[in-house]
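Single-structure report; data block below.
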Amino acid sequence: MKLDLSVLDAPRGARAMEQGALAPDLDPKLAACFPLPAVTDLDSFEKEVVEMVKPSHGTTTLGFIFKHGVIIAVDSRATMGSYISSQTVKKVIEINPFLLGTMAGGAADCQFWQRNLGQQCRLYELQNGKRITVRAASKLLSNTMFSYRGMGLSMGTMVAGYDTTGPGLYYVDSDGQRTKGQRFSVGSGSLYAYGVLDAGYSHDMSVEDAIELGRRSIYHATFRDCASGGTVSVYHVTADGWTKVGGDDVGELHFKYYPQPELHPSNATEVLA
């Protein structure tokens, strides 16, 4: 059965288009002369152009849970393609005294939405009279990302913290994916960081060893990945909250770990014919 909709008023915009009317502040000459690309398929052309001008991002962040809490370590270099735009970016967002978020992907996206997460966490505390858990905070961010999926956001973040259930570490990205884990590394240099992190990780390690493992993992990633660099910042999260325990220049770390450059593993020791 087909409904008769002829008695209903047409939308105001539709009537204006039928009558050829324009907005009062729109010049008819400008509307008639708006240039469009000289292509047969405009939609496909726009998609290709977006991919061509979309800058590649670079970073290295990592986090892992061990016996004495959570370690978060990040670099500080921001890049747009081959251009290094900054060496002093703060890639750890301090959501509240017990929660941290990391940045990988678009800097503006990560900063805005993790600060928005901080507002949501504070509202939760006011409404419920208790601190939000790491699990719930990561779910809030995941729900927000899922509602904006497909809209051009670029985020690969970790949410780390400590609550009544103990330490927590979650990976959340701009597609709404949310994964719980013991250790993660995110960014263009993550594979290099994983190599050092997996080799040296132990759940029973001391605080000093865990801090050094995070620092050294990021250093090696910055050495191999040109999009990572600057300084290595390390945070330690416990039941008492988070503490920033270090911020070291990667150049100084290089000569600390390898005081004799000629002995560095990347140097060739034998010329092959």
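Note on naming: chains are A, B, ... as they come in the structure tokens, residues start from 1 per chain, ligands start from 1 in the order shown.
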Within 6 Å of stretch 101-105 of chain A, which residues of stretch 124-173 of chain A show up? Give each one with its shortest atom-to-atom distance in Å (one decimal) and the two atoms involved, counting only C-alpha atoms, rows by chain then rising residue number, as JSON lines.
{"residue": "A:Ser154", "atom": "CA", "partner": "A:Gly105", "partner_atom": "CA", "distance": 5.1}
{"residue": "A:Met155", "atom": "CA", "partner": "A:Gly105", "partner_atom": "CA", "distance": 4.7}
{"residue": "A:Gly156", "atom": "CA", "partner": "A:Ala104", "partner_atom": "CA", "distance": 5.0}
{"residue": "A:Thr157", "atom": "CA", "partner": "A:Thr102", "partner_atom": "CA", "distance": 5.2}
{"residue": "A:Met158", "atom": "CA", "partner": "A:Thr102", "partner_atom": "CA", "distance": 5.3}
{"residue": "A:Val159", "atom": "CA", "partner": "A:Gly101", "partner_atom": "CA", "distance": 4.6}
For the selection just defined, write its residues with N, CA and C atoms to a file, as an mmCIF file, in the first residue's frame.
data_model
loop_
_atom_site.group_PDB
_atom_site.id
_atom_site.type_symbol
_atom_site.label_atom_id
_atom_site.label_comp_id
_atom_site.auth_asym_id
_atom_site.auth_seq_id
_atom_site.Cartn_x
_atom_site.Cartn_y
_atom_site.Cartn_z
ATOM 1 N N SER A 154 42.586 9.844 13.048
ATOM 2 C CA SER A 154 43.777 8.990 13.027
ATOM 3 C C SER A 154 44.321 8.901 14.447
ATOM 4 N N MET A 155 44.047 7.787 15.111
ATOM 5 C CA MET A 155 44.452 7.625 16.510
ATOM 6 C C MET A 155 44.842 6.172 16.786
ATOM 7 N N GLY A 156 45.932 6.004 17.504
ATOM 8 C CA GLY A 156 46.322 4.702 18.029
ATOM 9 C C GLY A 156 46.858 4.953 19.424
ATOM 10 N N THR A 157 46.008 4.847 20.422
ATOM 11 C CA THR A 157 46.364 5.280 21.764
ATOM 12 C C THR A 157 46.370 4.124 22.749
ATOM 13 N N MET A 158 47.058 4.341 23.855
ATOM 14 C CA MET A 158 46.977 3.440 24.996
ATOM 15 C C MET A 158 46.391 4.207 26.172
ATOM 16 N N VAL A 159 45.528 3.548 26.919
ATOM 17 C CA VAL A 159 45.003 4.093 28.162
ATOM 18 C C VAL A 159 45.538 3.223 29.291
#
Shell around A:Tyr235 at 6 Å using only C-alpha atoms, local window under 4 positions removed, as number ranges by chain: A: 71-72, 243-245
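Among the candidates A:Arg115, A:Arg215, A:Lys130, A:His236, the one nearest to A:Gly161 when counting only C-alpha atoms is A:His236.
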Could you check the closest approach to A:Ser174 for each of A:Gly200, A:Gly152, A:Gly63, A:Gly214 and tell me which residue wins, using only C-alpha atoms? A:Gly152
Can you list, as a ChimeraX atom specification, all residues belonging to stretch 225-257 of chain A that DSSP tags as strand (DSSP E)? /A:231-238,241-249
From the options A:Gly69, A:Gly195, A:Gly58, A:Gly230, which residue's atoms come nearest to A:Thr165, counting only C-alpha atoms?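 For A:Thr165, the nearest of the given residues is A:Gly69.
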Determine the nearest neighbour of A:Leu253 from the options A:Gly187, A:Pro37, A:Gly176, A:Gly229, counting only C-alpha atoms. A:Gly229
Given the choices A:Val134, A:Leu117, A:Met205, A:Val250, which gets closest to A:Leu99 if the distance is worked out from only C-alpha atoms?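 Distance minimum relative to A:Leu99 lands on A:Val134.
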Residue nearest A:Ala210 among A:Val70, A:Ile93, A:Ala239, A:Val186 (counting only C-alpha atoms): A:Val70
Any chance you could list, as a PyMOL selection string, the residues in stretch 197-232 of chain A that come up alpha helix (DSSP H) when DSSP is run on the backbone? chain A and resi 197-200+207-224
Please produce a file of those selected residues containing N, CA and C atoms, as a PDB file, in the first residue's frame.
ATOM      1  N   LEU A 197      61.752  -4.755  23.817  1.00  0.00           N
ATOM      2  CA  LEU A 197      60.814  -4.959  24.922  1.00  0.00           C
ATOM      3  C   LEU A 197      60.556  -6.436  25.176  1.00  0.00           C
ATOM      4  N   ASP A 198      60.306  -7.203  24.126  1.00  0.00           N
ATOM      5  CA  ASP A 198      60.018  -8.627  24.304  1.00  0.00           C
ATOM      6  C   ASP A 198      61.236  -9.391  24.818  1.00  0.00           C
ATOM      7  N   ALA A 199      62.420  -8.957  24.399  1.00  0.00           N
ATOM      8  CA  ALA A 199      63.633  -9.658  24.827  1.00  0.00           C
ATOM      9  C   ALA A 199      63.948  -9.403  26.300  1.00  0.00           C
ATOM     10  N   GLY A 200      63.626  -8.209  26.798  1.00  0.00           N
ATOM     11  CA  GLY A 200      64.021  -7.870  28.163  1.00  0.00           C
ATOM     12  C   GLY A 200      62.906  -7.901  29.185  1.00  0.00           C
ATOM     13  N   VAL A 207      61.673  -1.964  39.695  1.00  0.00           N
ATOM     14  CA  VAL A 207      61.233  -0.691  39.128  1.00  0.00           C
ATOM     15  C   VAL A 207      62.331  -0.077  38.283  1.00  0.00           C
ATOM     16  N   GLU A 208      63.572  -0.119  38.784  1.00  0.00           N
ATOM     17  CA  GLU A 208      64.698   0.471  38.043  1.00  0.00           C
ATOM     18  C   GLU A 208      64.903  -0.238  36.712  1.00  0.00           C
ATOM     19  N   ASP A 209      64.819  -1.573  36.708  1.00  0.00           N
ATOM     20  CA  ASP A 209      64.997  -2.329  35.465  1.00  0.00           C
ATOM     21  C   ASP A 209      63.857  -2.054  34.484  1.00  0.00           C
ATOM     22  N   ALA A 210      62.645  -1.904  35.000  1.00  0.00           N
ATOM     23  CA  ALA A 210      61.499  -1.638  34.126  1.00  0.00           C
ATOM     24  C   ALA A 210      61.620  -0.262  33.472  1.00  0.00           C
ATOM     25  N   ILE A 211      62.030   0.722  34.252  1.00  0.00           N
ATOM     26  CA  ILE A 211      62.224   2.064  33.696  1.00  0.00           C
ATOM     27  C   ILE A 211      63.303   2.048  32.615  1.00  0.00           C
ATOM     28  N   GLU A 212      64.401   1.356  32.889  1.00  0.00           N
ATOM     29  CA  GLU A 212      65.489   1.279  31.919  1.00  0.00           C
ATOM     30  C   GLU A 212      65.062   0.521  30.663  1.00  0.00           C
ATOM     31  N   LEU A 213      64.235  -0.521  30.827  1.00  0.00           N
ATOM     32  CA  LEU A 213      63.748  -1.261  29.661  1.00  0.00           C
ATOM     33  C   LEU A 213      62.890  -0.376  28.769  1.00  0.00           C
ATOM     34  N   GLY A 214      61.992   0.409  29.367  1.00  0.00           N
ATOM     35  CA  GLY A 214      61.180   1.317  28.574  1.00  0.00           C
ATOM     36  C   GLY A 214      62.009   2.368  27.874  1.00  0.00           C
ATOM     37  N   ARG A 215      62.986   2.937  28.584  1.00  0.00           N
ATOM     38  CA  ARG A 215      63.853   3.958  28.009  1.00  0.00           C
ATOM     39  C   ARG A 215      64.678   3.391  26.857  1.00  0.00           C
ATOM     40  N   ARG A 216      65.252   2.210  27.060  1.00  0.00           N
ATOM     41  CA  ARG A 216      66.118   1.639  26.025  1.00  0.00           C
ATOM     42  C   ARG A 216      65.315   1.195  24.807  1.00  0.00           C
ATOM     43  N   SER A 217      64.099   0.717  25.025  1.00  0.00           N
ATOM     44  CA  SER A 217      63.259   0.303  23.899  1.00  0.00           C
ATOM     45  C   SER A 217      62.930   1.488  22.998  1.00  0.00           C
ATOM     46  N   ILE A 218      62.571   2.615  23.597  1.00  0.00           N
ATOM     47  CA  ILE A 218      62.267   3.802  22.803  1.00  0.00           C
ATOM     48  C   ILE A 218      63.524   4.320  22.119  1.00  0.00           C
ATOM     49  N   TYR A 219      64.671   4.294  22.820  1.00  0.00           N
ATOM     50  CA  TYR A 219      65.910   4.757  22.198  1.00  0.00           C
ATOM     51  C   TYR A 219      66.216   3.973  20.926  1.00  0.00           C
ATOM     52  N   HIS A 220      66.158   2.643  20.994  1.00  0.00           N
ATOM     53  CA  HIS A 220      66.483   1.830  19.818  1.00  0.00           C
ATOM     54  C   HIS A 220      65.486   2.071  18.687  1.00  0.00           C
ATOM     55  N   ALA A 221      64.223   2.343  19.030  1.00  0.00           N
ATOM     56  CA  ALA A 221      63.246   2.663  17.994  1.00  0.00           C
ATOM     57  C   ALA A 221      63.599   3.992  17.313  1.00  0.00           C
ATOM     58  N   THR A 222      64.022   4.986  18.098  1.00  0.00           N
ATOM     59  CA  THR A 222      64.386   6.271  17.496  1.00  0.00           C
ATOM     60  C   THR A 222      65.634   6.151  16.631  1.00  0.00           C
ATOM     61  N   PHE A 223      66.514   5.212  16.961  1.00  0.00           N
ATOM     62  CA  PHE A 223      67.737   5.038  16.168  1.00  0.00           C
ATOM     63  C   PHE A 223      67.415   4.456  14.794  1.00  0.00           C
ATOM     64  N   ARG A 224      66.439   3.545  14.735  1.00  0.00           N
ATOM     65  CA  ARG A 224      66.122   2.871  13.476  1.00  0.00           C
ATOM     66  C   ARG A 224      64.998   3.548  12.697  1.00  0.00           C
TER      67      ARG A 224
END
Just want the 12 Å neighbourhood of A:Asn143, counted on only C-alpha atoms, with same-chain residues fewer than 3 positions away dropped. Output as a list in words.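 Once the adjacent positions are removed, what remains is Trp113, Leu117, Gln120, Ala136, Ala137, Ser138, Lys139, Leu140, Phe146, Ser147, Tyr148, Arg149, Val172, Asp173, Ser174, Asp175, Gly176, Gln177 and Arg178 of chain A.
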Take the residues from that selection and put them in a file with C-alpha atoms, as a compact mmCIF listing (two decimals), in the first residue's frame.
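Wrote it out as again-v7.txt, contents follow:
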# COMPACT_ATOMS: atom_id res chain seq x y z
CA TRP A 113 39.70 13.33 22.33
CA LEU A 117 37.96 11.65 27.91
CA GLN A 120 33.99 12.37 30.86
CA ALA A 136 35.56 1.97 32.00
CA ALA A 137 37.71 4.90 30.84
CA SER A 138 39.01 2.93 27.87
CA LYS A 139 35.44 1.92 27.02
CA LEU A 140 34.33 5.56 27.03
CA PHE A 146 33.28 4.12 17.21
CA SER A 147 30.73 6.92 16.78
CA TYR A 148 33.24 8.82 14.59
CA ARG A 149 34.67 5.89 12.61
CA VAL A 172 42.18 1.99 21.62
CA ASP A 173 42.27 3.21 18.02
CA SER A 174 40.22 5.49 15.78
CA ASP A 175 38.12 2.56 14.45
CA GLY A 176 36.80 1.87 17.94
CA GLN A 177 38.96 -1.21 18.47
CA ARG A 178 39.71 -1.80 22.17
Env of stretch 182-184 of chain A: 9 Å cut, atoms = only C-alpha atoms, seq-sep filter 5 positions within chain, self excluded. Answer as an mmCIF file with N, CA and C atoms, in the first residue's frame.
data_model
loop_
_atom_site.group_PDB
_atom_site.id
_atom_site.type_symbol
_atom_site.label_atom_id
_atom_site.label_comp_id
_atom_site.auth_asym_id
_atom_site.auth_seq_id
_atom_site.Cartn_x
_atom_site.Cartn_y
_atom_site.Cartn_z
ATOM 1 N N THR A 61 55.521 4.739 20.884
ATOM 2 C CA THR A 61 55.042 4.726 22.261
ATOM 3 C C THR A 61 54.954 3.285 22.722
ATOM 4 N N LEU A 62 55.113 3.069 24.013
ATOM 5 C CA LEU A 62 54.979 1.709 24.541
ATOM 6 C C LEU A 62 54.474 1.762 25.972
ATOM 7 N N GLY A 63 53.916 0.648 26.403
ATOM 8 C CA GLY A 63 53.459 0.508 27.779
ATOM 9 C C GLY A 63 53.446 -0.952 28.157
ATOM 10 N N PHE A 64 53.743 -1.237 29.407
ATOM 11 C CA PHE A 64 53.678 -2.627 29.866
ATOM 12 C C PHE A 64 53.386 -2.669 31.361
ATOM 13 N N ILE A 65 52.720 -3.755 31.748
ATOM 14 C CA ILE A 65 52.389 -4.005 33.152
ATOM 15 C C ILE A 65 53.436 -4.940 33.740
ATOM 16 N N PHE A 66 53.890 -4.632 34.939
ATOM 17 C CA PHE A 66 54.804 -5.526 35.641
ATOM 18 C C PHE A 66 54.415 -5.556 37.117
ATOM 19 N N MET A 158 47.058 4.341 23.855
ATOM 20 C CA MET A 158 46.977 3.440 24.996
ATOM 21 C C MET A 158 46.391 4.207 26.172
ATOM 22 N N GLY A 168 46.056 -1.449 34.877
ATOM 23 C CA GLY A 168 45.337 -1.744 33.647
ATOM 24 C C GLY A 168 45.981 -1.076 32.448
ATOM 25 N N LEU A 169 45.926 -1.748 31.302
ATOM 26 C CA LEU A 169 46.518 -1.224 30.063
ATOM 27 C C LEU A 169 45.636 -1.643 28.898
ATOM 28 N N TYR A 170 45.165 -0.664 28.130
ATOM 29 C CA TYR A 170 44.275 -0.916 27.003
ATOM 30 C C TYR A 170 44.757 -0.159 25.776
ATOM 31 N N TYR A 171 44.587 -0.798 24.614
ATOM 32 C CA TYR A 171 44.858 -0.145 23.324
ATOM 33 C C TYR A 171 43.524 0.238 22.697
ATOM 34 N N SER A 190 57.249 1.024 16.366
ATOM 35 C CA SER A 190 56.827 0.038 17.352
ATOM 36 C C SER A 190 57.502 -1.323 17.161
ATOM 37 N N TYR A 194 59.374 -3.264 20.045
ATOM 38 C CA TYR A 194 58.949 -4.599 20.456
ATOM 39 C C TYR A 194 60.134 -5.564 20.550
ATOM 40 N N LEU A 197 61.752 -4.755 23.817
ATOM 41 C CA LEU A 197 60.814 -4.959 24.922
ATOM 42 C C LEU A 197 60.556 -6.436 25.176
ATOM 43 N N ASP A 198 60.306 -7.203 24.126
ATOM 44 C CA ASP A 198 60.018 -8.627 24.304
ATOM 45 C C ASP A 198 61.236 -9.391 24.818
#
What is the distance, in Å and to one decimal place, between atom CA of A:Gln260 and atom CA of A:Thr88?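 Calculated distance between atom CA of A:Gln260 and atom CA of A:Thr88 is 27.5 Å.
The gap separating atom CA of A:Ala193 from atom CA of A:Asp225 is 10.0 Å, in Å to one decimal.
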